[in-house]
>>> print(open('model13.cif').read())   # mmCIF, C-alpha atoms
data_entry
loop_
_atom_site.group_PDB
_atom_site.id
_atom_site.type_symbol
_atom_site.label_atom_id
_atom_site.label_comp_id
_atom_site.auth_asym_id
_atom_site.auth_seq_id
_atom_site.Cartn_x
_atom_site.Cartn_y
_atom_site.Cartn_z
ATOM 1 C CA MET A 190 40.965 151.752 94.696
ATOM 2 C CA SER A 191 43.542 149.074 95.012
ATOM 3 C CA ALA A 192 47.212 149.517 94.307
ATOM 4 C CA PRO A 193 48.389 148.921 90.739
ATOM 5 C CA SER A 194 50.170 145.760 91.821
ATOM 6 C CA ASP A 195 46.808 144.353 92.937
ATOM 7 C CA THR A 196 45.033 144.959 89.668
ATOM 8 C CA ARG A 197 47.807 143.658 87.435
ATOM 9 C CA GLU A 198 47.057 140.111 86.390
ATOM 10 C CA THR A 199 49.494 137.427 87.379
ATOM 11 C CA ALA A 200 50.804 135.513 84.391
ATOM 12 C CA CYS A 201 50.917 131.710 84.367
ATOM 13 C CA ARG A 202 54.671 131.982 84.088
ATOM 14 C CA ASP A 203 54.839 133.815 87.440
ATOM 15 C CA ILE A 204 52.629 131.206 89.058
ATOM 16 C CA ALA A 205 54.965 128.429 87.929
ATOM 17 C CA GLU A 206 57.957 130.400 89.192
ATOM 18 C CA HIS A 207 56.505 130.958 92.673
ATOM 19 C CA ALA A 208 54.620 127.729 93.285
ATOM 20 C CA THR A 209 56.947 126.644 96.094
ATOM 21 C CA GLY A 210 56.691 129.989 97.874
ATOM 22 C CA TYR A 211 52.913 129.688 97.629
ATOM 23 C CA LEU A 212 52.873 126.128 98.984
ATOM 24 C CA ASP A 213 55.204 127.196 101.797
ATOM 25 C CA GLY A 214 52.859 130.047 102.715
ATOM 26 C CA ALA A 215 55.797 132.389 102.179
ATOM 27 C CA LEU A 216 54.274 134.866 99.715
ATOM 28 C CA PRO A 217 53.411 138.372 100.916
ATOM 29 C CA PRO A 218 49.619 138.710 101.497
ATOM 30 C CA SER A 219 48.934 140.781 98.358
ATOM 31 C CA GLU A 220 50.800 138.331 96.137
ATOM 32 C CA ASN A 221 49.154 135.401 97.831
ATOM 33 C CA ARG A 222 45.777 136.922 97.015
ATOM 34 C CA ARG A 223 46.668 137.436 93.360
ATOM 35 C CA PHE A 224 47.985 133.894 93.245
ATOM 36 C CA ARG A 225 44.701 132.495 94.561
ATOM 37 C CA ILE A 226 42.627 134.580 92.185
ATOM 38 C CA HIS A 227 44.686 133.289 89.283
ATOM 39 C CA LEU A 228 44.346 129.683 90.459
ATOM 40 C CA SER A 229 40.573 130.049 90.801
ATOM 41 C CA ARG A 230 40.398 130.856 87.083
ATOM 42 C CA CYS A 231 43.198 128.807 85.564
ATOM 43 C CA PRO A 232 42.943 125.000 85.388
ATOM 44 C CA PHE A 233 46.482 124.699 84.003
ATOM 45 C CA CYS A 234 48.127 126.516 86.874
ATOM 46 C CA THR A 235 45.892 124.685 89.325
ATOM 47 C CA ALA A 236 47.174 121.418 87.838
ATOM 48 C CA TYR A 237 50.749 122.677 87.985
ATOM 49 C CA VAL A 238 50.606 123.690 91.636
ATOM 50 C CA GLU A 239 48.842 120.437 92.544
ATOM 51 C CA GLN A 240 51.557 118.432 90.807
ATOM 52 C CA MET A 241 54.217 120.320 92.758
ATOM 53 C CA ARG A 242 52.336 119.558 95.952
ATOM 54 C CA THR A 243 52.027 115.916 94.926
ATOM 55 C CA VAL A 244 55.765 115.635 94.256
ATOM 56 C CA SER A 245 56.531 117.128 97.644
ATOM 57 C CA SER A 246 54.275 114.784 99.571
ATOM 58 C CA ALA A 247 55.206 111.684 97.550
ATOM 59 C CA LEU A 248 58.883 112.196 98.391
ATOM 60 C CA GLY A 249 58.029 111.768 102.061
ATOM 61 C CA GLY A 250 57.547 108.087 101.296
ATOM 62 C CA LEU A 251 60.963 107.742 99.727
ATOM 63 C CA SER A 252 62.717 106.448 102.787
ATOM 64 C CA GLY A 253 66.385 105.837 102.231
ATOM 65 C CA GLU A 254 68.297 102.734 103.118
ATOM 66 C CA PRO A 255 69.380 102.397 106.716
ATOM 67 C CA LEU A 256 72.967 102.366 107.896
ATOM 68 C CA ALA A 257 74.643 98.993 107.282
ATOM 69 C CA PRO A 258 73.929 96.676 110.254
ATOM 70 C CA ALA A 259 77.636 96.240 111.057
ATOM 71 C CA ARG A 260 78.162 100.007 111.332
ATOM 72 C CA ARG A 261 75.034 100.376 113.416
ATOM 73 C CA ALA A 262 76.204 97.632 115.776
ATOM 74 C CA GLU A 263 79.615 99.311 116.117
ATOM 75 C CA LEU A 264 77.956 102.599 116.993
ATOM 76 C CA VAL A 265 75.689 101.100 119.619
ATOM 77 C CA ALA A 266 78.690 99.295 121.123
ATOM 78 C CA ALA A 267 80.678 102.541 121.140
ATOM 79 C CA PHE A 268 77.793 104.320 122.854
ATOM 80 C CA ARG A 269 77.660 101.590 125.493
ATOM 81 C CA GLY A 270 81.434 101.900 125.882
ATOM 82 C CA LEU A 271 81.127 105.562 126.775
ATOM 83 C CA GLY A 272 79.764 104.417 130.119
ATOM 84 C CA LEU A 273 77.451 107.404 130.381
ATOM 85 C CA MET B 177 64.288 97.394 120.295
ATOM 86 C CA PRO B 178 64.722 101.122 119.668
ATOM 87 C CA VAL B 179 62.056 103.352 121.124
ATOM 88 C CA PRO B 180 60.269 105.673 118.685
ATOM 89 C CA LEU B 181 61.398 109.298 118.657
ATOM 90 C CA ALA B 182 58.147 110.762 117.403
ATOM 91 C CA GLY B 183 56.654 113.267 119.764
ATOM 92 C CA ARG B 184 59.747 113.510 121.980
ATOM 93 C CA SER B 185 61.364 116.885 122.448
ATOM 94 C CA ASP B 186 65.047 117.461 121.750
ATOM 95 C CA ALA B 187 65.583 118.155 125.454
ATOM 96 C CA ASP B 188 64.008 114.835 126.366
ATOM 97 C CA ILE B 189 66.119 112.943 123.822
ATOM 98 C CA VAL B 190 69.339 114.636 124.910
ATOM 99 C CA THR B 191 68.622 113.964 128.572
ATOM 100 C CA ALA B 192 68.066 110.283 127.765
ATOM 101 C CA LEU B 193 71.292 110.127 125.739
ATOM 102 C CA ARG B 194 73.302 111.773 128.505
ATOM 103 C CA ALA B 195 71.907 109.192 130.888
ATOM 104 C CA GLY B 196 73.263 106.472 128.582
ATOM 105 C CA ASP B 197 69.907 105.317 127.196
ATOM 106 C CA GLU B 198 71.035 102.979 124.453
ATOM 107 C CA ARG B 199 67.578 102.480 122.965
ATOM 108 C CA THR B 200 67.156 106.202 122.409
ATOM 109 C CA PHE B 201 70.564 106.349 120.761
ATOM 110 C CA ALA B 202 69.678 103.429 118.475
ATOM 111 C CA ALA B 203 66.369 105.079 117.597
ATOM 112 C CA LEU B 204 68.155 108.290 116.720
ATOM 113 C CA VAL B 205 70.620 106.450 114.495
ATOM 114 C CA ASP B 206 67.817 104.503 112.806
ATOM 115 C CA GLY B 207 65.611 107.547 112.368
ATOM 116 C CA TYR B 208 68.167 109.977 110.977
ATOM 117 C CA SER B 209 70.748 107.851 109.180
ATOM 118 C CA PRO B 210 68.889 107.313 105.873
ATOM 119 C CA THR B 211 68.567 111.099 105.463
ATOM 120 C CA LEU B 212 72.137 111.681 106.642
ATOM 121 C CA ILE B 213 73.469 109.174 104.117
ATOM 122 C CA ARG B 214 71.611 110.919 101.295
ATOM 123 C CA VAL B 215 72.989 114.282 102.362
ATOM 124 C CA ALA B 216 76.524 112.934 102.743
ATOM 125 C CA MET B 217 76.357 111.528 99.225
ATOM 126 C CA ALA B 218 76.115 115.066 97.881
ATOM 127 C CA TYR B 219 79.579 115.710 99.325
ATOM 128 C CA VAL B 220 81.469 112.466 98.816
ATOM 129 C CA PRO B 221 82.007 110.175 95.836
ATOM 130 C CA SER B 222 80.337 106.945 96.975
ATOM 131 C CA ARG B 223 77.744 105.350 99.188
ATOM 132 C CA ALA B 224 80.474 103.554 101.160
ATOM 133 C CA VAL B 225 82.263 106.808 101.954
ATOM 134 C CA ALA B 226 78.938 108.429 102.806
ATOM 135 C CA GLU B 227 78.202 105.676 105.333
ATOM 136 C CA GLU B 228 81.652 106.143 106.787
ATOM 137 C CA VAL B 229 80.981 109.875 107.227
ATOM 138 C CA VAL B 230 77.632 109.121 108.862
ATOM 139 C CA GLN B 231 79.272 106.682 111.260
ATOM 140 C CA GLU B 232 81.887 109.312 112.173
ATOM 141 C CA THR B 233 79.077 111.808 112.636
ATOM 142 C CA TRP B 234 77.364 109.624 115.227
ATOM 143 C CA LEU B 235 80.648 109.089 117.040
ATOM 144 C CA ALA B 236 81.149 112.866 117.127
ATOM 145 C CA VAL B 237 77.556 113.329 118.310
ATOM 146 C CA MET B 238 77.982 110.957 121.244
ATOM 147 C CA ARG B 239 81.285 112.567 122.244
ATOM 148 C CA GLY B 240 79.859 116.053 121.888
ATOM 149 C CA LEU B 241 76.619 115.473 123.795
ATOM 150 C CA ASP B 242 77.743 117.483 126.788
ATOM 151 C CA GLY B 243 78.453 120.445 124.537
ATOM 152 C CA PHE B 244 74.989 120.481 122.958
ATOM 153 C CA GLU B 245 73.301 123.595 124.291
ATOM 154 C CA GLY B 246 69.997 123.398 122.484
ATOM 155 C CA ARG B 247 70.455 126.707 120.695
ATOM 156 C CA SER B 248 69.678 124.957 117.435
ATOM 157 C CA SER B 249 67.541 121.854 117.028
ATOM 158 C CA LEU B 250 69.177 118.478 117.546
ATOM 159 C CA LYS B 251 68.923 117.514 113.874
ATOM 160 C CA THR B 252 70.394 120.848 112.796
ATOM 161 C CA TRP B 253 73.333 120.206 115.106
ATOM 162 C CA VAL B 254 73.796 116.684 113.716
ATOM 163 C CA ILE B 255 73.696 117.904 110.095
ATOM 164 C CA ARG B 256 76.302 120.579 110.831
ATOM 165 C CA ILE B 257 78.617 117.947 112.270
ATOM 166 C CA LEU B 258 78.000 115.792 109.204
ATOM 167 C CA THR B 259 78.744 118.519 106.670
ATOM 168 C CA ASN B 260 81.906 119.533 108.528
ATOM 169 C CA LEU B 261 83.141 115.957 108.548
ATOM 170 C CA ALA B 262 82.182 115.418 104.911
ATOM 171 C CA LEU B 263 84.114 118.530 103.908
ATOM 172 C CA ARG B 264 87.172 117.707 105.923
ATOM 173 C CA GLY B 265 88.436 116.039 102.755
ATOM 174 C CA GLY B 266 91.715 114.213 103.098
ATOM 175 C CA ALA B 267 91.710 110.860 101.401
ATOM 176 C CA ARG B 268 88.041 110.952 100.626
ATOM 177 C CA GLU B 269 87.965 114.150 98.598
ATOM 178 C CA GLY B 270 84.925 115.774 100.100
ATOM 179 C CA ARG B 271 83.755 118.485 97.740
ATOM 180 C CA SER B 272 82.269 121.748 98.829
ATOM 181 C CA VAL B 273 78.692 122.458 97.843
ATOM 182 C CA PRO B 274 77.890 125.902 96.431
ATOM 183 C CA PHE B 275 74.624 127.056 97.977
ATOM 184 C CA SER B 276 74.397 130.481 96.431
ATOM 185 C CA SER B 277 75.177 130.523 92.701
ATOM 186 C CA LEU B 278 71.579 130.636 91.547
ATOM 187 C CA GLU B 279 71.268 133.607 89.242
ATOM 188 C CA ALA B 280 72.898 131.912 86.282
ATOM 189 C CA GLU B 281 70.175 129.299 86.025
ATOM 190 C CA GLY B 282 67.374 131.421 84.546
ATOM 191 C CA PRO B 283 63.677 130.542 84.967
ATOM 192 C CA SER B 284 62.882 127.174 86.531
ATOM 193 C CA VAL B 285 60.330 126.240 83.870
ATOM 194 C CA GLU B 286 61.462 126.527 80.218
ATOM 195 C CA ALA B 287 60.450 129.900 78.799
ATOM 196 C CA ASP B 288 59.115 128.337 75.587
ATOM 197 C CA ARG B 289 56.286 126.702 77.474
ATOM 198 C CA PHE B 290 54.676 130.137 77.827
ATOM 199 C CA LEU B 291 53.603 132.921 75.498
ATOM 200 C CA PRO B 292 56.037 135.830 75.609
ATOM 201 C CA ALA B 293 55.573 138.606 78.157
ATOM 202 C CA GLY B 294 54.778 141.012 75.321
ATOM 203 C CA HIS B 295 51.973 138.890 73.827
ATOM 204 C CA ASP B 296 49.021 141.135 72.977
ATOM 205 C CA ARG B 297 46.287 138.903 74.345
ATOM 206 C CA TRP B 298 47.602 136.463 76.934
ATOM 207 C CA PRO B 299 51.085 137.466 78.028
ATOM 208 C CA GLY B 300 52.921 134.741 79.898
ATOM 209 C CA HIS B 301 50.087 132.198 79.452
ATOM 210 C CA TRP B 302 50.861 128.490 79.077
ATOM 211 C CA VAL B 303 51.320 127.199 75.525
ATOM 212 C CA LEU B 304 52.565 123.765 76.542
ATOM 213 C CA ALA B 305 50.490 123.278 79.641
ATOM 214 C CA PRO B 306 50.661 120.522 82.250
ATOM 215 C CA ALA B 307 48.229 117.648 81.675
ATOM 216 C CA ALA B 308 46.943 115.213 84.284
ATOM 217 C CA TRP B 309 49.187 112.295 85.260
ATOM 218 C CA PRO B 310 47.742 108.837 84.796
ATOM 219 C CA THR B 311 49.045 107.567 88.157
ATOM 220 C CA PRO B 312 47.034 108.369 91.232
ATOM 221 C CA ASP B 313 49.004 110.523 93.655
ATOM 222 C CA GLU B 314 49.675 107.704 96.062
ATOM 223 C CA GLY B 315 50.988 105.512 93.211
ATOM 224 C CA LEU B 316 53.902 107.778 92.310
ATOM 225 C CA LEU B 317 56.357 105.711 94.308
ATOM 226 C CA ALA B 318 54.793 102.359 93.517
ATOM 227 C CA GLY B 319 55.560 101.769 89.852
ATOM 228 C CA GLU B 320 58.210 102.798 87.392
ATOM 229 C CA THR B 321 57.821 106.436 88.342
ATOM 230 C CA ARG B 322 59.746 105.653 91.533
ATOM 231 C CA ALA B 323 62.890 105.046 89.482
ATOM 232 C CA VAL B 324 62.167 108.175 87.431
ATOM 233 C CA ILE B 325 61.943 110.209 90.631
ATOM 234 C CA VAL B 326 65.084 108.745 92.208
ATOM 235 C CA GLU B 327 67.029 109.317 88.999
ATOM 236 C CA ALA B 328 65.829 112.927 88.808
ATOM 237 C CA ILE B 329 66.913 113.576 92.402
ATOM 238 C CA ASP B 330 70.309 111.961 91.850
ATOM 239 C CA ALA B 331 70.854 114.209 88.827
ATOM 240 C CA LEU B 332 70.228 117.434 90.770
ATOM 241 C CA PRO B 333 73.056 119.834 91.597
ATOM 242 C CA ALA B 334 74.306 119.040 95.108
ATOM 243 C CA ALA B 335 72.762 122.047 96.884
ATOM 244 C CA GLN B 336 69.316 121.341 95.409
ATOM 245 C CA ARG B 337 69.647 117.650 96.201
ATOM 246 C CA ILE B 338 70.465 118.373 99.843
ATOM 247 C CA VAL B 339 67.584 120.798 100.290
ATOM 248 C CA ILE B 340 64.940 118.536 98.704
ATOM 249 C CA THR B 341 66.311 115.600 100.713
ATOM 250 C CA LEU B 342 65.894 117.431 103.995
ATOM 251 C CA ARG B 343 62.612 119.182 103.200
ATOM 252 C CA ASP B 344 60.606 116.649 101.207
ATOM 253 C CA ILE B 345 62.207 113.276 101.897
ATOM 254 C CA GLY B 346 63.166 113.990 105.513
ATOM 255 C CA GLY B 347 60.128 116.181 106.179
ATOM 256 C CA TRP B 348 62.145 118.911 107.936
ATOM 257 C CA PRO B 349 60.610 122.347 108.454
ATOM 258 C CA SER B 350 62.118 125.095 106.293
ATOM 259 C CA GLU B 351 63.655 126.940 109.294
ATOM 260 C CA ASP B 352 65.615 123.850 110.325
ATOM 261 C CA VAL B 353 66.932 123.414 106.796
ATOM 262 C CA SER B 354 68.106 127.005 106.351
ATOM 263 C CA ASP B 355 69.571 126.933 109.867
ATOM 264 C CA ALA B 356 71.413 123.648 109.315
ATOM 265 C CA LEU B 357 72.883 124.758 105.995
ATOM 266 C CA GLY B 358 73.548 128.348 107.020
ATOM 267 C CA ILE B 359 71.513 129.816 104.150
ATOM 268 C CA SER B 360 68.664 132.334 104.042
ATOM 269 C CA ALA B 361 65.031 131.212 103.991
ATOM 270 C CA GLY B 362 64.715 132.662 100.482
ATOM 271 C CA ASN B 363 67.773 130.886 99.168
ATOM 272 C CA GLN B 364 66.557 127.635 100.690
ATOM 273 C CA ARG B 365 63.200 128.079 98.950
ATOM 274 C CA VAL B 366 64.753 128.809 95.555
ATOM 275 C CA LEU B 367 66.846 125.632 95.816
ATOM 276 C CA LEU B 368 63.806 123.599 96.862
ATOM 277 C CA HIS B 369 61.727 125.108 94.062
ATOM 278 C CA ARG B 370 64.298 124.269 91.411
ATOM 279 C CA ALA B 371 64.644 120.756 92.753
ATOM 280 C CA ARG B 372 60.893 120.098 92.865
ATOM 281 C CA THR B 373 60.455 121.650 89.426
ATOM 282 C CA LYS B 374 62.961 119.215 87.944
ATOM 283 C CA VAL B 375 61.431 116.194 89.659
ATOM 284 C CA ARG B 376 57.963 117.246 88.480
ATOM 285 C CA ALA B 377 59.304 117.752 84.953
ATOM 286 C CA ALA B 378 60.866 114.274 84.954
ATOM 287 C CA ILE B 379 57.507 112.691 85.868
ATOM 288 C CA GLU B 380 55.789 114.810 83.216
ATOM 289 C CA ARG B 381 58.296 113.731 80.569
ATOM 290 C CA TYR B 382 57.882 110.098 81.543
ATOM 291 C CA HIS B 383 54.099 110.344 81.080
ATOM 292 C CA GLY B 384 54.247 112.708 78.113
ATOM 293 C CA ALA B 385 51.746 114.739 80.134
ATOM 294 C CA VAL B 386 51.849 118.007 78.211
ATOM 295 C CA GLN B 387 48.955 119.586 76.341
ATOM 296 C CA ASP B 388 49.628 121.888 73.422
ATOM 297 C CA LEU B 389 47.211 124.810 73.673
ATOM 298 C CA ARG B 390 48.109 126.423 70.352
ATOM 299 C CA PRO B 391 45.282 124.848 68.333
ATOM 300 C CA LEU B 392 42.817 126.224 70.898
ATOM 301 C CA MET B 393 44.496 129.596 70.918
ATOM 302 C CA ASP B 394 44.406 129.875 67.143
ATOM 303 C CA ARG B 395 40.642 129.925 67.244
ATOM 304 C CA VAL B 396 39.209 133.341 67.810
ATOM 305 C CA THR B 397 37.921 133.270 71.352
ATOM 306 C CA PRO B 398 37.299 136.050 73.786
ATOM 307 C CA GLU B 399 38.905 134.032 76.582
ATOM 308 C CA PRO B 400 42.173 132.124 76.695
ATOM 309 C CA PRO B 401 41.813 128.336 76.873
ATOM 310 C CA GLY B 402 41.862 128.229 80.642
ATOM 311 C CA GLY B 403 39.627 131.259 80.996
ATOM 312 C CA THR B 404 42.273 133.435 82.586
ATOM 313 C CA ALA B 405 45.252 135.715 82.164
ATOM 314 C CA ARG B 406 43.308 138.166 80.034
ATOM 315 C CA LYS B 407 45.089 141.448 79.945
ATOM 316 C CA SER B 408 43.390 143.792 82.347
ATOM 317 C CA ARG B 409 41.834 146.939 81.087
#
>>> encode(input="model13.cif", output="structure tokens")
Amino acid sequence: MSAPSDTRETACRDIAEHATGYLDGALPPSENRRFRIHLSRCPFCTAYVEQMRTVSSALGGLSGEPLAPARRAELVAAFRGLGL
Amino acid sequence: MPVPLAGRSDADIVTALRAGDERTFAALVDGYSPTLIRVAMAYVPSRAVAEEVVQETWLAVMRGLDGFEGRSSLKTWVIRILTNLALRGGAREGRSVPFSSLEAEGPSVEADRFLPAGHDRWPGHWVLAPAAWPTPDEGLLAGETRAVIVEAIDALPAAQRIVITLRDIGGWPSEDVSDALGISAGNQRVLLHRARTKVRAAIERYHGAVQDLRPLMDRVTPEPPGGTARKSR
């Protein structure tokens, strides 16, 4: 016999609400198991979680602009001036 | 030419800096500044002021090198210096960022995209479900969706913007982010989740990638459209 919390079905709404915890591997083991069972049966939630994963990894390519060259040059000169 | 930082430990970098290794310093500035500028922009009104704060941060870092004890990671230490400087206010009106007022926001995905919790057949199941995006994953930043994504991030509340900047854009581990911002792991995750949810939703809106499941649900079927979420016995 498993605990009631293990037999209760996870709703799609809960999956959407905890997708980041799941992707971070931060869910407690029993919840993680329920999450995976739900995903194995639900193409919509599978798509949702995949899209969240996609967003996360795509953002890694969103490099910002560097510091303005003049400021960078000032900093390097200041570092040199420290005479470390 | 700056030397790459990848694979070098904090201790190694700090030792090089203390020895006056200019190339390591330049590499550190080049590697971290884009992320630092993004974070600073959550605190100050313009890009120019943000760059000024980042420049001050590096000056403070080089002066404070001897005091760095390695109890937190190097980047955590740098971010703390940055946020302190950004908040110091004065002429530039640095604004504080609330990291903890989360409860008021409600669910991250709109409730009307799901059946109600009390639904007799499929409680909490999608009604307006996500549909596939036409762009391949690797193309998200290539076309117009790049602007959609940047706009969505810029529109985020400051705390969410900072967390998604450090975690997803900067690639920082969650412990470093919660440590740098002085927030709990759970709080950090909620902020990241809300931020990612909004960016995902912006891409979805742009593509109109939503499928209405109601016509399927109206048919009498023993299983919900996705084959799941049936109420257990």
>>> closest_residue(input="model13.cif", among="A:Leu216, A:Leu248, A:Ala266, A:Ile226", to="chain B", atoms="all atoms listed in the file")
A:Leu248
>>> interface_residues(input="model13.cif", of="chain A", to="chain B", cutoff="6 Å", atoms="all atoms listed in the file", output="mmCIF file with C-alpha atoms, in the coordinates of the input")
data_model
loop_
_atom_site.group_PDB
_atom_site.id
_atom_site.type_symbol
_atom_site.label_atom_id
_atom_site.label_comp_id
_atom_site.auth_asym_id
_atom_site.auth_seq_id
_atom_site.Cartn_x
_atom_site.Cartn_y
_atom_site.Cartn_z
ATOM 1 C CA ALA A 200 50.804 135.513 84.391
ATOM 2 C CA CYS A 201 50.917 131.710 84.367
ATOM 3 C CA ARG A 202 54.671 131.982 84.088
ATOM 4 C CA THR A 209 56.947 126.644 96.094
ATOM 5 C CA ARG A 230 40.398 130.856 87.083
ATOM 6 C CA CYS A 231 43.198 128.807 85.564
ATOM 7 C CA PRO A 232 42.943 125.000 85.388
ATOM 8 C CA SER A 245 56.531 117.128 97.644
ATOM 9 C CA LEU A 248 58.883 112.196 98.391
ATOM 10 C CA GLY A 249 58.029 111.768 102.061
ATOM 11 C CA GLY A 253 66.385 105.837 102.231
ATOM 12 C CA GLU A 254 68.297 102.734 103.118
ATOM 13 C CA PRO A 255 69.380 102.397 106.716
ATOM 14 C CA LEU A 273 77.451 107.404 130.381
#
>>> atom_distance(input="model13.cif", atom1="atom CA of B:Asp296", atom2="atom CA of A:Cys234")
20.2 Å
>>> atom_distance(input="model13.cif", atom1="atom CA of A:Pro258", atom2="atom CA of B:Ala262")
21.2 Å
>>> atom_distance(input="model13.cif", atom1="atom CA of B:Arg256", atom2="atom CA of B:Ala356")
6.0 Å
>>> residues_around(input="model13.cif", residues="A:Tyr237", least_positions_apart="4", cutoff="8 Å", atoms="only C-alpha atoms", output="JSON, numbers by chain")
{"A": [205, 233, 241], "B": [306]}
>>> resolve_selection(input="model13.cif", expression="the PyMOL selection byres ((chain B and resi 272) around 8)", output="ChimeraX atom specification")
/B:219,263,270-271,273-274
>>> axis_aligned_box(input="model13.cif", around="stretch 294-309 of chain B", padding_each_side="4 Å", output="AutoDock Vina command-line options")
--center_x 50.5 --center_y 126.7 --center_z 79.1 --size_x 16.5 --size_y 36.8 --size_z 20.3
>>> closest_residue(input="model13.cif", among="A:Glu263, A:Leu251, A:Tyr211, A:Arg269", to="A:Thr235", atoms="all atoms listed in the file")
A:Tyr211
>>> residues_near_point(input="model13.cif", point="(76.6, 114.4, 90.7)", cutoff="10 Å", atoms="all atoms listed in the file", output="CSV table (one decimal) with C-alpha atoms, in the coordinates of the input")
chain,number,residue,atom,x,y,z
B,217,MET,CA,76.4,111.5,99.2
B,218,ALA,CA,76.1,115.1,97.9
B,219,TYR,CA,79.6,115.7,99.3
B,220,VAL,CA,81.5,112.5,98.8
B,221,PRO,CA,82.0,110.2,95.8
B,329,ILE,CA,66.9,113.6,92.4
B,330,ASP,CA,70.3,112.0,91.8
B,331,ALA,CA,70.9,114.2,88.8
B,332,LEU,CA,70.2,117.4,90.8
B,333,PRO,CA,73.1,119.8,91.6
B,334,ALA,CA,74.3,119.0,95.1
B,337,ARG,CA,69.6,117.6,96.2
>>> resolve_selection(input="model13.cif", expression="the PyMOL selection byres ((chain B and resi 189) around 12)", output="JSON, numbers by chain")
{"B": [179, 180, 181, 182, 183, 184, 185, 186, 187, 188, 190, 191, 192, 193, 194, 195, 196, 197, 198, 199, 200, 201, 202, 203, 204, 241, 244, 246, 249, 250, 251]}
>>> write_last_selection(input="model13.cif", atoms="C-alpha atoms", output="PDB file, in the frame of the given file")
ATOM      1  CA  VAL B 179      62.056 103.352 121.124  1.00  0.00           C
ATOM      2  CA  PRO B 180      60.269 105.673 118.685  1.00  0.00           C
ATOM      3  CA  LEU B 181      61.398 109.298 118.657  1.00  0.00           C
ATOM      4  CA  ALA B 182      58.147 110.762 117.403  1.00  0.00           C
ATOM      5  CA  GLY B 183      56.654 113.267 119.764  1.00  0.00           C
ATOM      6  CA  ARG B 184      59.747 113.510 121.980  1.00  0.00           C
ATOM      7  CA  SER B 185      61.364 116.885 122.448  1.00  0.00           C
ATOM      8  CA  ASP B 186      65.047 117.461 121.750  1.00  0.00           C
ATOM      9  CA  ALA B 187      65.583 118.155 125.454  1.00  0.00           C
ATOM     10  CA  ASP B 188      64.008 114.835 126.366  1.00  0.00           C
ATOM     11  CA  VAL B 190      69.339 114.636 124.910  1.00  0.00           C
ATOM     12  CA  THR B 191      68.622 113.964 128.572  1.00  0.00           C
ATOM     13  CA  ALA B 192      68.066 110.283 127.765  1.00  0.00           C
ATOM     14  CA  LEU B 193      71.292 110.127 125.739  1.00  0.00           C
ATOM     15  CA  ARG B 194      73.302 111.773 128.505  1.00  0.00           C
ATOM     16  CA  ALA B 195      71.907 109.192 130.888  1.00  0.00           C
ATOM     17  CA  GLY B 196      73.263 106.472 128.582  1.00  0.00           C
ATOM     18  CA  ASP B 197      69.907 105.317 127.196  1.00  0.00           C
ATOM     19  CA  GLU B 198      71.035 102.979 124.453  1.00  0.00           C
ATOM     20  CA  ARG B 199      67.578 102.480 122.965  1.00  0.00           C
ATOM     21  CA  THR B 200      67.156 106.202 122.409  1.00  0.00           C
ATOM     22  CA  PHE B 201      70.564 106.349 120.761  1.00  0.00           C
ATOM     23  CA  ALA B 202      69.678 103.429 118.475  1.00  0.00           C
ATOM     24  CA  ALA B 203      66.369 105.079 117.597  1.00  0.00           C
ATOM     25  CA  LEU B 204      68.155 108.290 116.720  1.00  0.00           C
ATOM     26  CA  LEU B 241      76.619 115.473 123.795  1.00  0.00           C
ATOM     27  CA  PHE B 244      74.989 120.481 122.958  1.00  0.00           C
ATOM     28  CA  GLY B 246      69.997 123.398 122.484  1.00  0.00           C
ATOM     29  CA  SER B 249      67.541 121.854 117.028  1.00  0.00           C
ATOM     30  CA  LEU B 250      69.177 118.478 117.546  1.00  0.00           C
ATOM     31  CA  LYS B 251      68.923 117.514 113.874  1.00  0.00           C
TER      32      LYS B 251
END
